[in-house]
Amino acid sequence: YGLYQPNFDFSGPLTQDGSVLYRLIGAYQGGGYFRESRSDQQQVISIAPSVTFKLGDRTNLNLYYDYSRFATNPQFEPLLS
């Protein structure tokens with residue numbers, strides 16, 4: 001309910017000869033609960049940059065990083081009133 005999820009993915013060379021390449025991936029996901037009496041918010045944030053160095057004809061060095069954050073704010077209600 002109320003889900004929104006924008007993403008992006010960029011990549012390309014960092015040098016003119018193409019010996020260093022980059023890629024940047026990011027995503028955000030947010031949403032709420034389907035009942036108006038609750039104000040739960042859920043968020044997921046993810047960022048994943050990487051760099052590739054072409055060191056030779058058959059040798060690449062890949063550096064990766066991945067950051068993820070999961071956040072929620074649950075408000076519990078009794079099932080029976």
# chains A, B, ... in the order shown; residues from 1 in each chain; ligands from 1
>>> residues_around(residues="Ile45 (chain A)", least_positions_apart="5", cutoff="8 Å", atoms="only C-alpha atoms", output="list in words")
Gly26, Ala27, Tyr28, Gln29, Tyr67, Ser68, Arg69 and Phe70 of chain A
>>> write_last_selection(atoms="N, CA and C atoms", output="tab-separated table (two decimals), in the first residue's frame")
chain	number	residue	atom	x	y	z
A	26	GLY	N	21.60	2.43	-7.35
A	26	GLY	CA	20.92	2.89	-6.15
A	26	GLY	C	19.44	2.57	-6.22
A	27	ALA	N	18.87	2.35	-5.06
A	27	ALA	CA	17.44	2.04	-4.99
A	27	ALA	C	16.88	2.56	-3.68
A	28	TYR	N	15.63	2.94	-3.74
A	28	TYR	CA	14.89	3.36	-2.55
A	28	TYR	C	13.51	2.73	-2.62
A	29	GLN	N	13.07	2.19	-1.50
A	29	GLN	CA	11.74	1.62	-1.44
A	29	GLN	C	11.07	2.14	-0.18
A	67	TYR	N	25.92	-0.84	0.33
A	67	TYR	CA	25.34	-0.28	1.54
A	67	TYR	C	23.84	-0.49	1.48
A	68	SER	N	23.28	-1.06	2.53
A	68	SER	CA	21.84	-1.25	2.62
A	68	SER	C	21.36	-0.80	3.99
A	69	ARG	N	20.23	-0.14	4.00
A	69	ARG	CA	19.63	0.31	5.26
A	69	ARG	C	18.16	-0.07	5.23
A	70	PHE	N	17.75	-0.78	6.26
A	70	PHE	CA	16.36	-1.20	6.41
A	70	PHE	C	15.79	-0.49	7.63
>>> residues_around(residues="Asp9 (chain A)", least_positions_apart="6", cutoff="12 Å", atoms="only C-alpha atoms", output="list in words")
Tyr22, Arg23, Leu24, Ile25, Gly26, Ala27, Ser46, Ile47, Ala48, Pro49 and Ser50 of chain A
>>> closest_residue(among="A:Leu21, A:Gly2, A:Gly30, A:Gln16", to="Thr52 (chain A)", atoms="only C-alpha atoms")
A:Leu21
>>> residues_around(residues="Ala71 (chain A)", least_positions_apart="4", cutoff="9 Å", atoms="only C-alpha atoms", output="ChimeraX atom specification")
/A:41-45
>>> select_by_dssp(residues="region 1-66 of chain A", states="strand (DSSP E or B)", output="count of residues only")
43
